[in-house]
Structures are given as structure tokens and as C-alpha cells.
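One structure is given below, encoded as C-alpha cells.
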Amino acid sequence: MSKLFKVISDPTRLSVLFLLQKKECSVGNIAISLDMEQSAISHQLKTLKDARLVKSRREGKSMLYSLDDLHVFSILEQVLTHVNELEK
């Protein structure tokens, strides 16, 4: 469990997860959306894939990334709800 929280504690990885919750994206689209270099996004995606939080599929020459399953986002929603309660 601590490994999972370590992976999702990074702000860039969180941003990637929230973006992928909306739609499947390529590395290039994620990089543009987050105003980051593709190499930095690729590194974060590898970490997320290794933690089984995202998955990829090939479409032509591109790799498209999406959340591995909906459990990923339900965890994030619960943490966000908790954080918002603390701020009130």
C-alpha cells in the first residue's frame, strides 16, 4: 500500500492520472496538456505502468495510455474528498 501512495504522491503523476481519467491520450498529448517535455512524461508513465495504474495500447505508430481500471480513480476521489474535508 505504501508503494502505491508513494507513486501517486507525485504532482506530475497525479496530473497525468486526472488527465487520463477524462480520456485516453498519447505521450505527446499529455506533454502538451501539462506543458512538459515528452521524455519527462514518458518517465512518469513508466512509473505509473509499473505500479499498474495505467495501461497502454498501440494504435498505428502511437501508444495510447489510459487508466488501468476504475479503482485507480476511486482511490484518488476518496483521498481528494478527505483533503477537502480537512481544508474546511
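Following the order of the C-alpha cells, first chain is A, next is B, and so on, with residues numbered from 1 inside each chain and ligands from 1 in the order they appear.
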#### Entry: Exercise: Ala51 (chain A) partners within 10 Å, only C-alpha atoms, chain neighbours under 5 positions left out, as a list in words
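Once the adjacent positions are removed, what remains is Lys3, Leu4, Val7, Ile8, Leu45, Lys46 and Asp68 of chain A.
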So that I have them on file, write out the residues from the current selection with all heavy atoms, as a PDB file, in the first residue's frame.
```pdb
ATOM      1  N   LYS A   3       3.758   1.660  -1.306  1.00  0.00           N
ATOM      2  CA  LYS A   3       4.324   1.860  -2.641  1.00  0.00           C
ATOM      3  C   LYS A   3       3.334   2.588  -3.545  1.00  0.00           C
ATOM      4  O   LYS A   3       3.712   3.480  -4.298  1.00  0.00           O
ATOM      5  CB  LYS A   3       4.726   0.525  -3.267  1.00  0.00           C
ATOM      6  CG  LYS A   3       5.943  -0.098  -2.632  1.00  0.00           C
ATOM      7  CD  LYS A   3       6.265  -1.425  -3.284  1.00  0.00           C
ATOM      8  CE  LYS A   3       7.420  -2.091  -2.563  1.00  0.00           C
ATOM      9  NZ  LYS A   3       7.757  -3.382  -3.150  1.00  0.00           N
ATOM     10  N   LEU A   4       2.073   2.210  -3.450  1.00  0.00           N
ATOM     11  CA  LEU A   4       1.045   2.874  -4.250  1.00  0.00           C
ATOM     12  C   LEU A   4       0.943   4.348  -3.884  1.00  0.00           C
ATOM     13  O   LEU A   4       0.939   5.218  -4.761  1.00  0.00           O
ATOM     14  CB  LEU A   4      -0.314   2.198  -4.050  1.00  0.00           C
ATOM     15  CG  LEU A   4      -1.494   2.918  -4.705  1.00  0.00           C
ATOM     16  CD1 LEU A   4      -1.377   2.904  -6.207  1.00  0.00           C
ATOM     17  CD2 LEU A   4      -2.789   2.292  -4.254  1.00  0.00           C
ATOM     18  N   VAL A   7       3.796   6.333  -5.280  1.00  0.00           N
ATOM     19  CA  VAL A   7       3.646   6.607  -6.713  1.00  0.00           C
ATOM     20  C   VAL A   7       2.663   7.747  -6.954  1.00  0.00           C
ATOM     21  O   VAL A   7       2.934   8.657  -7.736  1.00  0.00           O
ATOM     22  CB  VAL A   7       3.208   5.332  -7.478  1.00  0.00           C
ATOM     23  CG1 VAL A   7       2.811   5.660  -8.905  1.00  0.00           C
ATOM     24  CG2 VAL A   7       4.313   4.296  -7.451  1.00  0.00           C
ATOM     25  N   ILE A   8       1.538   7.734  -6.269  1.00  0.00           N
ATOM     26  CA  ILE A   8       0.531   8.772  -6.535  1.00  0.00           C
ATOM     27  C   ILE A   8       0.794  10.071  -5.777  1.00  0.00           C
ATOM     28  O   ILE A   8       0.066  11.035  -5.954  1.00  0.00           O
ATOM     29  CB  ILE A   8      -0.912   8.279  -6.282  1.00  0.00           C
ATOM     30  CG1 ILE A   8      -1.142   7.925  -4.821  1.00  0.00           C
ATOM     31  CG2 ILE A   8      -1.259   7.133  -7.201  1.00  0.00           C
ATOM     32  CD1 ILE A   8      -2.572   7.563  -4.486  1.00  0.00           C
ATOM     33  N   LEU A  45       5.001   7.970 -17.031  1.00  0.00           N
ATOM     34  CA  LEU A  45       4.106   6.901 -17.488  1.00  0.00           C
ATOM     35  C   LEU A  45       4.697   5.521 -17.185  1.00  0.00           C
ATOM     36  O   LEU A  45       3.961   4.601 -16.829  1.00  0.00           O
ATOM     37  CB  LEU A  45       3.808   7.041 -18.982  1.00  0.00           C
ATOM     38  CG  LEU A  45       2.835   8.157 -19.342  1.00  0.00           C
ATOM     39  CD1 LEU A  45       2.852   8.413 -20.846  1.00  0.00           C
ATOM     40  CD2 LEU A  45       1.426   7.825 -18.871  1.00  0.00           C
ATOM     41  N   LYS A  46       6.008   5.374 -17.316  1.00  0.00           N
ATOM     42  CA  LYS A  46       6.631   4.088 -16.981  1.00  0.00           C
ATOM     43  C   LYS A  46       6.416   3.756 -15.505  1.00  0.00           C
ATOM     44  O   LYS A  46       6.073   2.629 -15.158  1.00  0.00           O
ATOM     45  CB  LYS A  46       8.117   4.104 -17.310  1.00  0.00           C
ATOM     46  CG  LYS A  46       8.784   2.769 -16.962  1.00  0.00           C
ATOM     47  CD  LYS A  46      10.227   2.740 -17.273  1.00  0.00           C
ATOM     48  CE  LYS A  46      10.927   1.451 -16.929  1.00  0.00           C
ATOM     49  NZ  LYS A  46      10.289   0.468 -16.108  1.00  0.00           N
ATOM     50  N   ASP A  68      -5.669   1.989 -15.833  1.00  0.00           N
ATOM     51  CA  ASP A  68      -5.711   0.531 -15.865  1.00  0.00           C
ATOM     52  C   ASP A  68      -7.098   0.011 -15.508  1.00  0.00           C
ATOM     53  O   ASP A  68      -7.584  -0.919 -16.118  1.00  0.00           O
ATOM     54  CB  ASP A  68      -4.654  -0.052 -14.931  1.00  0.00           C
ATOM     55  CG  ASP A  68      -4.485  -1.538 -15.136  1.00  0.00           C
ATOM     56  OD1 ASP A  68      -3.871  -1.935 -16.143  1.00  0.00           O
ATOM     57  OD2 ASP A  68      -4.993  -2.290 -14.289  1.00  0.00           O
TER      58      ASP A  68
END
```
### Non-local contacts of region 37-41 of chain A (10 Å; only C-alpha atoms; under 3 positions in same chain excluded) as a list in words
Thr12, Arg13, Val16, Ser26, Val27, Gly28, Asn29, Ile30, Ala31, Ile32, Leu34, Gln44, Leu45, Lys46 and Thr47 of chain A
### Query
Got a sec: who's within 10 Å of region 72-86 of chain A, counting only C-alpha atoms, leaving out chain neighbours fewer than 5 positions off, as a ChimeraX atom specification?
/A:5,8,14,17-18,20-21,52-54,67
Next, write the just-selected residues to a file, as a compact mmCIF listing (two decimals), in the first residue's frame, keeping C-alpha atoms as the atom set.
```
# COMPACT_ATOMS: atom_id res chain seq x y z
CA PHE A 5 0.80 6.04 -2.18
CA ILE A 8 0.53 8.77 -6.54
CA LEU A 14 -1.39 12.89 -10.25
CA LEU A 17 -3.91 10.31 -13.81
CA PHE A 18 -6.55 13.05 -13.70
CA LEU A 20 -6.31 10.04 -18.27
CA GLN A 21 -9.50 9.83 -16.24
CA ARG A 52 -0.32 -0.99 -12.70
CA LEU A 53 -2.15 2.33 -12.55
CA VAL A 54 -2.13 2.93 -16.30
CA LEU A 67 -6.24 4.21 -16.57
```
### Task
as an MDAnalysis selection string, please: all residues of chain A that backbone DSSP puts in helix (DSSP H, G or I).
chainID A and resid 2:8 11:22 27:34 38:50 70:87
